>>> print(open('input_18.cif').read())   # mmCIF, C-alpha atoms
data_protein
loop_
_atom_site.label_atom_id
_atom_site.label_comp_id
_atom_site.auth_asym_id
_atom_site.auth_seq_id
_atom_site.Cartn_x
_atom_site.Cartn_y
_atom_site.Cartn_z
CA ASN A 15 179.55 172.60 59.31
CA PHE A 16 179.47 175.54 61.72
CA PHE A 17 177.26 173.87 64.33
CA LYS A 18 179.17 170.59 64.45
CA ASN A 19 182.53 172.36 64.53
CA ASN A 20 181.39 174.41 67.52
CA ASP A 21 179.66 171.49 69.28
CA ILE A 22 176.21 173.12 69.13
CA ARG A 23 173.30 170.72 69.76
CA PHE A 24 169.61 171.09 69.00
CA GLY A 25 166.42 169.93 70.71
CA TRP A 26 162.68 170.36 70.19
CA GLY A 27 161.50 172.91 72.73
CA ALA A 28 157.78 172.13 72.99
CA ALA A 29 156.10 169.76 75.46
CA PRO A 30 152.90 167.72 74.94
CA TYR A 31 149.64 168.99 76.37
CA ASP A 32 147.20 166.60 77.99
CA PRO A 33 143.50 166.86 77.01
CA GLU A 34 142.95 169.50 79.72
CA ARG A 35 145.70 171.65 78.12
CA VAL A 36 148.00 170.95 81.09
CA LEU A 37 151.71 170.13 80.92
CA ARG A 38 152.28 166.90 82.84
CA ARG A 39 154.70 165.04 80.57
CA ILE A 40 157.90 165.49 78.60
CA GLU A 41 158.83 163.53 75.50
CA TYR A 42 162.30 162.13 74.83
CA ARG A 43 161.94 162.17 71.07
CA ILE A 44 159.31 163.40 68.62
CA THR A 45 158.49 162.71 64.99
CA PRO A 46 159.30 165.99 63.22
CA ALA A 47 156.42 165.84 60.71
CA PRO A 48 153.67 163.45 59.56
CA GLU A 49 155.46 162.96 56.24
CA ALA A 50 158.76 162.04 57.93
CA GLU A 51 160.45 158.76 57.10
CA PRO A 52 159.49 155.79 59.36
CA GLY A 53 161.70 155.78 62.41
CA GLU A 54 162.87 159.35 61.85
CA THR A 55 162.78 161.15 65.19
CA PHE A 56 164.18 164.32 66.76
CA PRO A 57 165.30 164.73 70.39
CA THR A 58 163.56 167.20 72.67
CA PHE A 59 165.42 170.03 74.35
CA ALA A 60 165.25 168.39 77.78
CA ALA A 61 166.44 165.01 76.47
CA LYS A 62 169.31 166.50 74.47
CA THR A 63 170.40 168.62 77.45
CA ALA A 64 170.40 165.57 79.71
CA GLU A 65 172.36 163.65 77.10
CA VAL A 66 175.03 166.35 77.02
CA ALA A 67 175.14 166.13 80.84
CA GLY A 68 175.85 162.39 80.61
CA VAL A 69 172.43 160.67 80.76
CA ASP A 70 171.24 158.51 77.85
CA PRO A 71 167.48 159.13 77.49
CA ASP A 72 167.15 156.08 75.21
CA ARG A 73 167.83 153.89 78.25
CA LEU A 74 165.13 155.49 80.37
CA PRO A 75 161.60 154.08 80.71
CA SER A 76 158.68 155.67 78.88
CA GLY A 77 156.72 155.85 82.12
CA ALA A 78 153.71 157.65 80.62
CA ALA A 79 153.56 156.01 77.18
CA ARG A 80 149.92 154.94 77.52
CA ARG A 81 148.91 158.53 78.32
CA ALA A 82 150.09 159.87 74.95
CA GLU A 83 147.32 161.36 72.83
CA PRO A 84 146.92 160.42 69.14
CA GLY A 85 149.71 162.05 67.17
CA GLN A 86 151.95 162.42 70.23
CA SER A 87 155.11 160.43 70.83
CA GLU A 88 154.90 157.40 73.13
CA SER A 89 158.51 158.09 74.10
CA THR A 90 157.34 160.15 77.06
CA THR A 91 157.48 160.30 80.85
CA TRP A 92 155.87 162.27 83.67
CA ILE A 93 157.57 165.49 84.73
CA ASP A 94 158.59 165.22 88.38
CA TYR A 95 158.07 168.88 89.32
CA HIS A 96 160.16 170.22 92.21
CA GLY A 97 157.38 172.60 93.15
CA GLY A 98 155.23 175.43 91.87
CA PRO A 99 156.25 178.46 89.82
CA GLY A 100 159.33 180.19 91.21
CA THR A 101 160.92 177.07 92.74
CA PHE A 102 164.08 177.46 90.67
CA ARG A 103 166.16 180.50 91.58
CA PRO A 104 166.52 182.89 88.64
CA VAL A 105 169.78 184.75 88.02
CA SER A 106 169.73 188.00 86.04
CA ALA A 107 171.64 187.79 82.75
CA ARG A 108 172.36 191.50 83.12
CA HIS A 109 174.01 190.91 86.48
CA VAL A 110 176.09 188.11 84.98
CA LEU A 111 177.29 190.35 82.15
CA LEU A 112 178.11 193.13 84.61
CA GLY A 113 180.17 190.76 86.78
CA ARG A 114 177.80 190.94 89.76
CA VAL A 115 177.44 187.14 90.04
CA ARG A 116 180.14 184.95 91.60
CA SER A 117 182.03 182.79 89.13
CA ASP A 118 181.18 179.56 90.98
CA VAL A 119 177.39 180.04 90.92
CA PHE A 120 176.99 177.99 87.71
CA ARG A 121 179.76 175.48 88.34
CA ASP A 122 178.66 171.85 87.69
CA LYS A 123 175.11 172.99 87.01
CA VAL A 124 172.76 172.91 84.04
CA VAL A 125 171.81 176.47 83.13
CA VAL A 126 168.56 177.11 81.25
CA ILE A 127 168.32 180.56 79.67
CA GLY A 128 164.91 182.13 79.10
CA LEU A 129 162.37 184.70 80.24
CA ALA A 130 162.18 185.08 84.01
CA ARG A 131 158.93 187.02 83.72
CA ALA A 132 156.16 186.89 81.12
CA LEU A 133 155.81 190.19 79.30
CA THR A 134 152.25 189.34 78.20
CA PRO A 135 149.69 186.86 79.62
CA ARG A 136 150.12 184.61 76.55
CA GLU A 137 153.89 184.63 76.38
CA ASP A 138 155.39 181.19 77.13
CA VAL A 139 153.39 180.47 80.28
CA HIS A 140 151.71 177.11 80.79
CA PRO A 141 149.31 175.46 83.24
CA THR A 142 150.92 172.48 84.96
CA SER A 143 149.86 169.64 87.24
CA VAL A 144 151.41 171.43 90.25
CA GLU A 145 149.07 174.40 90.72
CA ASP A 146 145.68 175.20 89.18
CA ASP A 147 145.73 178.94 89.73
CA ARG A 148 149.29 179.82 88.68
CA ALA A 149 150.86 179.09 85.30
CA MET A 150 154.56 178.29 84.95
CA LEU A 151 157.08 179.92 82.65
CA GLY A 152 158.35 177.72 79.84
CA VAL A 153 161.95 178.05 81.02
CA GLU A 154 160.99 176.61 84.41
CA VAL A 155 159.00 173.78 82.81
CA GLN A 156 162.16 172.91 80.86
CA ALA A 157 164.26 173.05 84.03
CA ASN A 158 161.88 170.59 85.72
CA ALA A 159 161.87 168.33 82.65
CA ILE A 160 165.68 168.29 82.46
CA SER A 161 165.91 167.54 86.17
CA THR A 162 163.40 164.69 85.75
CA ILE A 163 165.49 163.03 83.04
CA LEU A 164 168.74 163.58 84.90
CA ARG A 165 167.21 161.75 87.90
CA GLY A 166 166.23 158.77 85.76
CA ALA A 167 162.56 159.65 85.12
CA PRO A 168 161.34 158.38 88.53
CA LEU A 169 157.58 158.70 87.94
CA ARG A 170 155.81 155.88 86.10
CA ASP A 171 152.29 154.69 85.43
CA ALA A 172 151.11 151.89 87.65
CA PRO A 173 150.61 148.57 85.79
CA ARG A 174 147.08 147.97 84.50
CA ILE A 175 146.68 145.12 86.96
CA VAL A 176 147.01 147.66 89.78
CA ASP A 177 144.23 149.75 88.18
CA ALA A 178 142.01 146.67 88.02
CA LEU A 179 142.69 145.68 91.63
CA LEU A 180 142.03 149.23 92.84
CA ILE A 181 138.69 149.33 91.03
CA ALA A 182 137.77 145.93 92.49
CA VAL A 183 138.58 147.19 95.99
CA LEU A 184 136.54 150.36 95.48
CA ARG A 185 133.52 148.37 94.30
CA SER A 186 133.64 146.18 97.41
CA LEU A 187 133.92 148.92 100.04
CA PRO A 188 131.03 148.54 102.52
CA GLY A 189 128.85 151.22 104.05
CA PRO A 190 127.02 154.30 102.79
CA VAL A 191 130.09 156.53 103.19
CA PHE A 192 131.79 154.79 100.28
CA ALA A 193 128.71 154.71 98.07
CA PRO A 194 129.98 157.47 95.71
CA LEU A 195 133.24 155.56 95.18
CA ARG A 196 131.36 152.31 94.50
CA ILE A 197 129.11 154.08 91.97
CA LEU A 198 132.11 155.68 90.25
CA ALA A 199 134.01 152.38 90.03
CA ALA A 200 130.93 150.54 88.73
CA ALA A 201 130.24 153.23 86.13
CA TYR A 202 133.86 153.11 84.96
CA THR A 203 133.94 149.33 84.53
CA ASP A 204 130.45 149.11 83.00
CA LEU A 205 131.32 151.84 80.49
CA PHE A 206 134.49 150.18 79.25
CA ARG A 207 132.91 146.74 79.30
CA GLY A 208 129.60 147.79 77.78
CA VAL A 209 130.68 150.14 74.99
CA PRO A 210 132.58 147.46 73.00
CA THR A 211 129.55 145.15 73.32
CA ILE A 212 127.22 147.86 72.00
CA LEU A 213 129.56 148.51 69.09
CA VAL A 214 129.63 144.83 68.16
CA ILE A 215 125.83 144.62 68.30
CA ALA A 216 125.53 147.75 66.15
CA LEU A 217 128.00 146.32 63.64
CA LEU A 218 126.19 143.00 63.38
CA GLY A 219 122.75 144.60 63.26
CA TYR A 220 123.40 147.46 60.86
CA GLY A 221 126.86 147.14 59.33
CA MET A 222 126.92 143.50 58.24
CA PRO A 223 123.55 143.53 56.34
CA ALA A 224 124.79 146.50 54.35
CA LEU A 225 127.55 144.30 52.96
CA GLU A 226 124.86 142.08 51.30
CA LEU A 227 126.89 138.94 51.92
CA ARG A 228 125.35 135.72 50.55
#
>>> encode(input="input_18.cif", output="structure tokens")
Amino acid sequence: NFFKNNDIRFGWGAAPYDPERVLRRIEYRITPAPEAEPGETFPTFAAKTAEVAGVDPDRLPSGAARRAEPGQSESTTWIDYHGGPGTFRPVSARHVLLGRVRSDVFRDKVVVIGLARALTPREDVHPTSVEDDRAMLGVEVQANAISTILRGAPLRDAPRIVDALLIAVLRSLPGPVFAPLRILAAAYTDLFRGVPTILVIALLGYGMPALELR
């Protein structure tokens, strides 16, 4: 067809929000719809762009898989942002068309085309993990995501054993200065250890009798 004959590729342009509505991650592949066939996935824009540039996203680690929310793809990694909004240098498309940009400016580079300035406060601008007070344009989020994949997705979650050791260290810190950290670590472990126990007790006390088992 037309697209294959002209070597035109497609990619899903959205990125997954974390619970705080912040863009911290990029997915490699997404499931296009709940009713899709099992195993049917679609590449994201950043992953497809990196693939065209010579990187196979399927070989990269899903460094943030356990951070995916229900309904989101676990084929995901942290975006390694280069900096805050405006880090990537924009080039005016008008200047390119008028011949005001040197021909070697884009040589051996990935070029992402999009809005360099939001026309309205709601137009393709997103809060990120880089700055709390300034949102980032979608085109720059994509540039950071593509760069992350091209560099092998360097950011990964620490193993759970590291989390456990860190909590153990925090709970054992001496002195009143570290009291808030000890309280926080104790509350975290007691919550995740106590809630399952409470659920089991509730199930045995209220759920099982309702089954009227003899």
>>> resolve_selection(input="input_18.cif", expression="the PyMOL selection byres ((chain A and resi 40) around 10)", output="PyMOL selection string")
chain A and resi 28-31+37-39+41-43+58-61+76+78+87+89-94+155-156+158-160+162-163+167
>>> residues_around(input="input_18.cif", residues="Phe102 (chain A)", least_positions_apart="4", cutoff="9 Å", atoms="only C-alpha atoms", output="list of chain:residue names")
A:His96, A:Gly97, A:Glu154, A:Ala157, A:Asn158
>>> resolve_selection(input="input_18.cif", expression="the PyMOL selection byres ((chain A and resi 146) around 12)", output="list of chain:residue names")
A:Glu34, A:Arg35, A:Val36, A:Leu37, A:Gly98, A:Pro99, A:His140, A:Pro141, A:Thr142, A:Ser143, A:Val144, A:Glu145, A:Asp147, A:Arg148, A:Ala149, A:Met150
>>> atom_distance(input="input_18.cif", atom1="CA of Leu112 (chain A)", atom2="CA of Gly100 (chain A)")
23.7 Å
>>> closest_residue(input="input_18.cif", among="A:Leu164, A:Val124, A:Leu169, A:Ala132", to="Gly152 (chain A)", atoms="all atoms listed in the file")
A:Ala132
>>> atom_distance(input="input_18.cif", atom1="CA of Arg116 (chain A)", atom2="CA of Val153 (chain A)")
22.1 Å
>>> atom_distance(input="input_18.cif", atom1="CA of Pro104 (chain A)", atom2="CA of Glu137 (chain A)")
17.7 Å
>>> closest_residue(input="input_18.cif", among="A:Val119, A:Ala79, A:Val126, A:Ala107", to="Gly27 (chain A)", atoms="only C-alpha atoms")
A:Val126
>>> closest_residue(input="input_18.cif", among="A:Asn20, A:Thr45, A:Ser161, A:Thr101", to="Ala64 (chain A)", atoms="only C-alpha atoms")
A:Ser161
